[in-house]
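See below for model.cif, which holds mmCIF, C-alpha atoms.
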```cif
data_work
loop_
_atom_site.group_PDB
_atom_site.id
_atom_site.type_symbol
_atom_site.label_atom_id
_atom_site.label_comp_id
_atom_site.auth_asym_id
_atom_site.auth_seq_id
_atom_site.Cartn_x
_atom_site.Cartn_y
_atom_site.Cartn_z
ATOM 1 C CA MET A 1 152.633 169.770 94.274
ATOM 2 C CA ILE A 2 155.384 169.745 91.631
ATOM 3 C CA ASP A 3 155.235 172.448 88.951
ATOM 4 C CA GLN A 4 155.556 170.284 85.838
ATOM 5 C CA ASP A 5 156.876 173.213 83.753
ATOM 6 C CA GLN A 6 159.993 173.313 85.951
ATOM 7 C CA VAL A 7 160.855 169.624 85.538
ATOM 8 C CA THR A 8 163.879 169.158 83.316
ATOM 9 C CA GLY A 9 164.821 166.216 81.141
ATOM 10 C CA HIS A 10 162.613 163.921 79.144
ATOM 11 C CA ARG A 11 159.542 162.767 81.025
ATOM 12 C CA ILE A 12 156.922 160.172 80.097
ATOM 13 C CA VAL A 13 153.657 160.162 82.065
ATOM 14 C CA VAL A 14 151.791 156.840 82.341
ATOM 15 C CA GLY A 15 148.295 156.404 83.747
ATOM 16 C CA ILE A 16 148.032 153.421 86.093
ATOM 17 C CA ASP A 17 144.642 152.105 87.245
ATOM 18 C CA ASN A 18 145.259 148.437 88.130
ATOM 19 C CA SER A 19 144.031 147.237 84.715
ATOM 20 C CA ALA A 20 145.858 144.968 82.285
ATOM 21 C CA GLY A 21 145.809 147.813 79.756
ATOM 22 C CA ALA A 22 147.594 150.143 82.163
ATOM 23 C CA ALA A 23 150.249 147.505 82.885
ATOM 24 C CA GLU A 24 150.802 147.091 79.144
ATOM 25 C CA ALA A 25 151.077 150.870 78.749
ATOM 26 C CA LEU A 26 153.674 150.977 81.530
ATOM 27 C CA ARG A 27 155.754 148.225 79.906
ATOM 28 C CA TRP A 28 155.642 150.126 76.595
ATOM 29 C CA ALA A 29 156.605 153.401 78.317
ATOM 30 C CA LEU A 30 159.545 151.745 80.086
ATOM 31 C CA ALA A 31 160.826 150.327 76.786
ATOM 32 C CA HIS A 32 160.445 153.739 75.120
ATOM 33 C CA ALA A 33 162.187 155.442 78.049
ATOM 34 C CA ARG A 34 165.165 153.089 77.670
ATOM 35 C CA LEU A 35 165.468 154.110 74.016
ATOM 36 C CA THR A 36 165.147 157.844 74.640
ATOM 37 C CA GLY A 37 166.812 158.265 78.041
ATOM 38 C CA ALA A 38 163.570 159.528 79.571
ATOM 39 C CA THR A 39 162.231 159.032 83.057
ATOM 40 C CA VAL A 40 158.776 157.624 83.690
ATOM 41 C CA GLU A 41 156.166 159.137 85.951
ATOM 42 C CA ALA A 42 153.559 156.538 86.918
ATOM 43 C CA VAL A 43 150.366 158.348 87.940
ATOM 44 C CA THR A 44 147.367 156.947 89.775
ATOM 45 C CA ALA A 45 144.286 159.044 90.424
ATOM 46 C CA TRP A 46 141.907 158.427 93.291
ATOM 47 C CA GLN A 47 138.696 159.924 94.530
ATOM 48 C CA VAL A 48 135.848 158.966 96.787
ATOM 49 C CA PRO A 49 133.105 157.544 94.564
ATOM 50 C CA PRO A 50 130.287 160.135 94.538
ATOM 51 C CA MET A 51 127.532 157.646 95.363
ATOM 52 C CA TYR A 52 129.561 155.836 98.027
ATOM 53 C CA ALA A 53 128.601 158.293 100.747
ATOM 54 C CA TYR A 54 124.894 157.961 100.039
ATOM 55 C CA ALA A 55 124.697 154.174 99.757
ATOM 56 C CA TYR A 56 121.615 152.615 101.332
ATOM 57 C CA GLY A 57 120.220 156.029 102.240
ATOM 58 C CA TRP A 58 122.959 156.864 104.708
ATOM 59 C CA THR A 59 124.046 160.417 105.028
ATOM 60 C CA PRO A 60 127.687 161.239 104.267
ATOM 61 C CA THR A 61 129.935 160.427 107.192
ATOM 62 C CA GLY A 62 133.636 159.908 107.669
ATOM 63 C CA ILE A 63 134.997 158.126 104.608
ATOM 64 C CA ASP A 64 138.360 156.422 104.955
ATOM 65 C CA ASP A 65 140.376 158.538 102.504
ATOM 66 C CA ALA A 66 143.581 157.139 103.996
ATOM 67 C CA GLY A 67 142.463 153.599 103.149
ATOM 68 C CA ILE A 68 141.774 154.570 99.550
ATOM 69 C CA VAL A 69 145.188 156.221 99.287
ATOM 70 C CA ARG A 70 146.926 153.187 100.842
ATOM 71 C CA TYR A 71 145.226 150.894 98.328
ATOM 72 C CA ALA A 72 146.211 153.219 95.448
ATOM 73 C CA GLU A 73 149.830 153.312 96.662
ATOM 74 C CA LYS A 74 149.977 149.522 97.012
ATOM 75 C CA THR A 75 148.466 148.951 93.580
ATOM 76 C CA LEU A 76 150.769 151.477 91.916
ATOM 77 C CA THR A 77 153.890 150.114 93.610
ATOM 78 C CA GLU A 78 153.031 146.509 92.694
ATOM 79 C CA THR A 79 152.277 147.426 89.063
ATOM 80 C CA VAL A 80 155.601 149.251 88.685
ATOM 81 C CA GLU A 81 157.552 146.445 90.392
ATOM 82 C CA GLN A 82 155.962 143.804 88.153
ATOM 83 C CA ALA A 83 156.692 145.828 85.012
ATOM 84 C CA GLN A 84 160.347 146.250 86.010
ATOM 85 C CA ASP A 85 160.829 142.679 87.268
ATOM 86 C CA GLY A 86 163.948 141.179 85.730
ATOM 87 C CA ASP A 87 164.801 144.392 83.904
ATOM 88 C CA ASP A 88 168.553 144.576 83.280
ATOM 89 C CA GLN A 89 168.291 148.240 82.183
ATOM 90 C CA PRO A 90 166.183 149.874 84.886
ATOM 91 C CA VAL A 91 164.452 153.162 84.163
ATOM 92 C CA THR A 92 163.912 155.835 86.785
ATOM 93 C CA VAL A 93 160.232 155.719 87.748
ATOM 94 C CA THR A 94 158.507 158.249 89.986
ATOM 95 C CA ASN A 95 155.222 157.113 91.512
ATOM 96 C CA ARG A 96 152.528 159.766 92.015
ATOM 97 C CA ILE A 97 149.143 159.334 93.632
ATOM 98 C CA MET A 98 146.866 162.309 93.075
ATOM 99 C CA GLU A 99 143.314 163.025 94.182
ATOM 100 C CA GLY A 100 140.763 163.876 91.533
ATOM 101 C CA PRO A 101 139.042 162.610 88.410
ATOM 102 C CA ALA A 102 141.456 160.412 86.433
ATOM 103 C CA ALA A 103 141.288 162.371 83.174
ATOM 104 C CA GLN A 104 141.982 165.719 84.844
ATOM 105 C CA VAL A 105 144.760 164.291 87.034
ATOM 106 C CA LEU A 106 146.473 162.860 83.946
ATOM 107 C CA LEU A 107 146.073 166.080 81.953
ATOM 108 C CA ASP A 108 147.620 168.045 84.830
ATOM 109 C CA ALA A 109 150.470 165.544 85.185
ATOM 110 C CA GLY A 110 151.072 165.659 81.423
ATOM 111 C CA LYS A 111 151.793 169.394 81.366
ATOM 112 C CA GLY A 112 155.377 169.787 80.236
ATOM 113 C CA ALA A 113 155.825 166.056 79.586
ATOM 114 C CA ASP A 114 157.343 164.735 76.373
ATOM 115 C CA LEU A 115 154.766 161.978 76.121
ATOM 116 C CA MET A 116 151.705 160.536 77.824
ATOM 117 C CA VAL A 117 151.056 156.777 77.590
ATOM 118 C CA LEU A 118 147.713 155.210 78.442
ATOM 119 C CA GLY A 119 146.065 151.831 78.189
ATOM 120 C CA SER A 120 143.265 151.527 75.664
ATOM 121 C CA ARG A 121 140.686 150.998 78.380
ATOM 122 C CA GLY A 122 140.684 150.689 82.114
ATOM 123 C CA HIS A 123 138.049 149.957 84.713
ATOM 124 C CA GLY A 124 135.289 152.139 83.309
ATOM 125 C CA ALA A 125 131.643 151.153 83.166
ATOM 126 C CA PHE A 126 131.696 150.341 79.456
ATOM 127 C CA ALA A 127 134.127 147.414 79.334
ATOM 128 C CA GLY A 128 133.307 146.644 75.697
ATOM 129 C CA MET A 129 134.592 149.961 74.424
ATOM 130 C CA LEU A 130 137.846 149.915 72.485
ATOM 131 C CA LEU A 131 138.958 153.268 73.868
ATOM 132 C CA GLY A 132 138.074 154.139 77.439
ATOM 133 C CA SER A 133 136.560 157.477 78.357
ATOM 134 C CA VAL A 134 139.683 158.617 80.241
ATOM 135 C CA SER A 135 141.964 157.686 77.332
ATOM 136 C CA GLN A 136 139.671 159.388 74.860
ATOM 137 C CA HIS A 137 139.478 162.564 76.950
ATOM 138 C CA CYS A 138 143.267 162.683 77.335
ATOM 139 C CA VAL A 139 143.860 162.109 73.611
ATOM 140 C CA GLN A 140 141.568 165.031 72.836
ATOM 141 C CA HIS A 141 142.857 167.464 75.474
ATOM 142 C CA ALA A 142 146.469 166.625 76.381
ATOM 143 C CA THR A 143 149.123 169.266 75.818
ATOM 144 C CA CYS A 144 151.711 166.622 74.934
ATOM 145 C CA PRO A 145 151.740 163.754 72.421
ATOM 146 C CA THR A 146 149.629 160.877 73.710
ATOM 147 C CA VAL A 147 150.016 157.196 72.894
ATOM 148 C CA VAL A 148 147.275 154.675 73.595
ATOM 149 C CA ILE A 149 148.521 151.096 73.895
ATOM 150 C CA PRO A 150 146.058 148.292 73.195
ATOM 151 C CA GLU A 151 145.786 145.528 75.752
ATOM 152 C CA GLN A 152 147.790 142.493 74.657
ATOM 153 C CA THR A 153 146.537 138.959 75.018
ATOM 154 C CA ARG A 154 149.242 137.119 76.929
ATOM 155 C CA PRO A 155 149.400 133.314 77.039
#
```

Write-out of the structure in structure tokens:
Amino acid sequence: MIDQDQVTGHRIVVGIDNSAGAAEALRWALAHARLTGATVEAVTAWQVPPMYAYAYGWTPTGIDDAGIVRYAEKTLTETVEQAQDGDDQPVTVTNRIMEGPAAQVLLDAGKGADLMVLGSRGHGAFAGMLLGSVSQHCVQHATCPTVVIPEQTRP
């Protein structure tokens, strides 16, 4: 794992979870990175859902962690490619897939960063909330400035 305190240069961490809000946050972070000369670190967290192993009364057995990671990698790569599509001033983006609860993964990734950028809400259980639980947790506990970008309605 990379020690974030040893990373030099300006770094913007963006949480990516395959939601429209995360894609909007990434677009905003890329535009900000162009203005400031920063690099962007697109971070996706994954974990085996706690109730998955016990579904239908089954006992925990081999869960396909590799399949979850492959899906996370594919989703992250596609989100970054779509955000940079047609960009005449590309920004250096590092993709990171990390295991663990999303809020903690993002807080760890944000150590030493200049900025953390998040969507206003992702794929949480309370879709009607204006600020998702992960965003709210990161705003309250991040060690770097944190920007929450509202989801835009696109025609």

| How would you write as a ChimeraX atom specification the residues that get within 12 Å of (143.5, 164.8, 84.6) in the file's frame, counting all atoms listed in the file? | /A:13-15,43-46,97-111,116,133-143

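Proximity ranking of A:Gln152, A:Ala66, A:Tyr71, A:Ala31 relative to Asp88 in chain A places A:Ala31 first, based on all atoms listed in the file.
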
Enclose range 130-139 of chain A, meaning all of its atoms listed in the file, in a box aligned along x, y and z, pad it by 8 Å on each side, and list the centre and edge lengths in Å to one decimal, as AutoDock Vina command-line options.
```
--center_x 140.2 --center_y 156.3 --center_z 76.4 --size_x 23.3 --size_y 28.8 --size_z 23.8
```

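Distances to Cys144 in chain A were evaluated for A:Val48, A:Ala20, A:Ile12, A:Ala72 using only C-alpha atoms, and the minimum falls at A:Ile12.
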
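Remark: for Ser19 in chain A, the closest of the candidate residues A:Leu118, A:Ala113, A:Val40, A:Ile68 is A:Leu118 (distances computed over all atoms listed in the file).
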
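CA of Val69 in chain A to CA of Arg96 in chain A spans 10.9 Å [interatomic distance, one decimal].
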
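Atom pair CA of Val117 in chain A / CA of Ala25 in chain A has a distance of 6.0 Å (rounded to one decimal).
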
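Ranking A:Glu41, A:Asp114, A:Asp87, A:Asp65 by their shortest atom-to-atom distance to Ile16 in chain A, with all atoms listed in the file included, puts A:Glu41 first.
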
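Candidate residues A:Gly132, A:Pro150, A:Gly9, A:Gly119 were compared for distance to Ala22 in chain A, and the nearest is A:Gly119, using only C-alpha atoms.
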
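Residues in contact range of Thr36 in chain A, defined as at most 8 Å between only C-alpha atoms, with sequence neighbours fewer than 3 positions away removed, read His10, His32 and Ala33 of chain A.
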
Taking C-alpha atoms for each residue, export the selection above as a PDB file, in the frame of the given file.
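Wrote it out as selection.pdb, contents follow:
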```
ATOM      1  CA  HIS A  10     162.613 163.921  79.144  1.00  0.00           C
ATOM      2  CA  HIS A  32     160.445 153.739  75.120  1.00  0.00           C
ATOM      3  CA  ALA A  33     162.187 155.442  78.049  1.00  0.00           C
TER       4      ALA A  33
END
```

| message | One number please: CA of Ala38 in chain A to CA of Gln84 in chain A, in Å, one decimal. | response | 15.1 Å

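Across A:Val147, A:Val80, A:Leu115, A:Val91, the tightest approach to Ala23 in chain A is made by A:Val80 when counting only C-alpha atoms.
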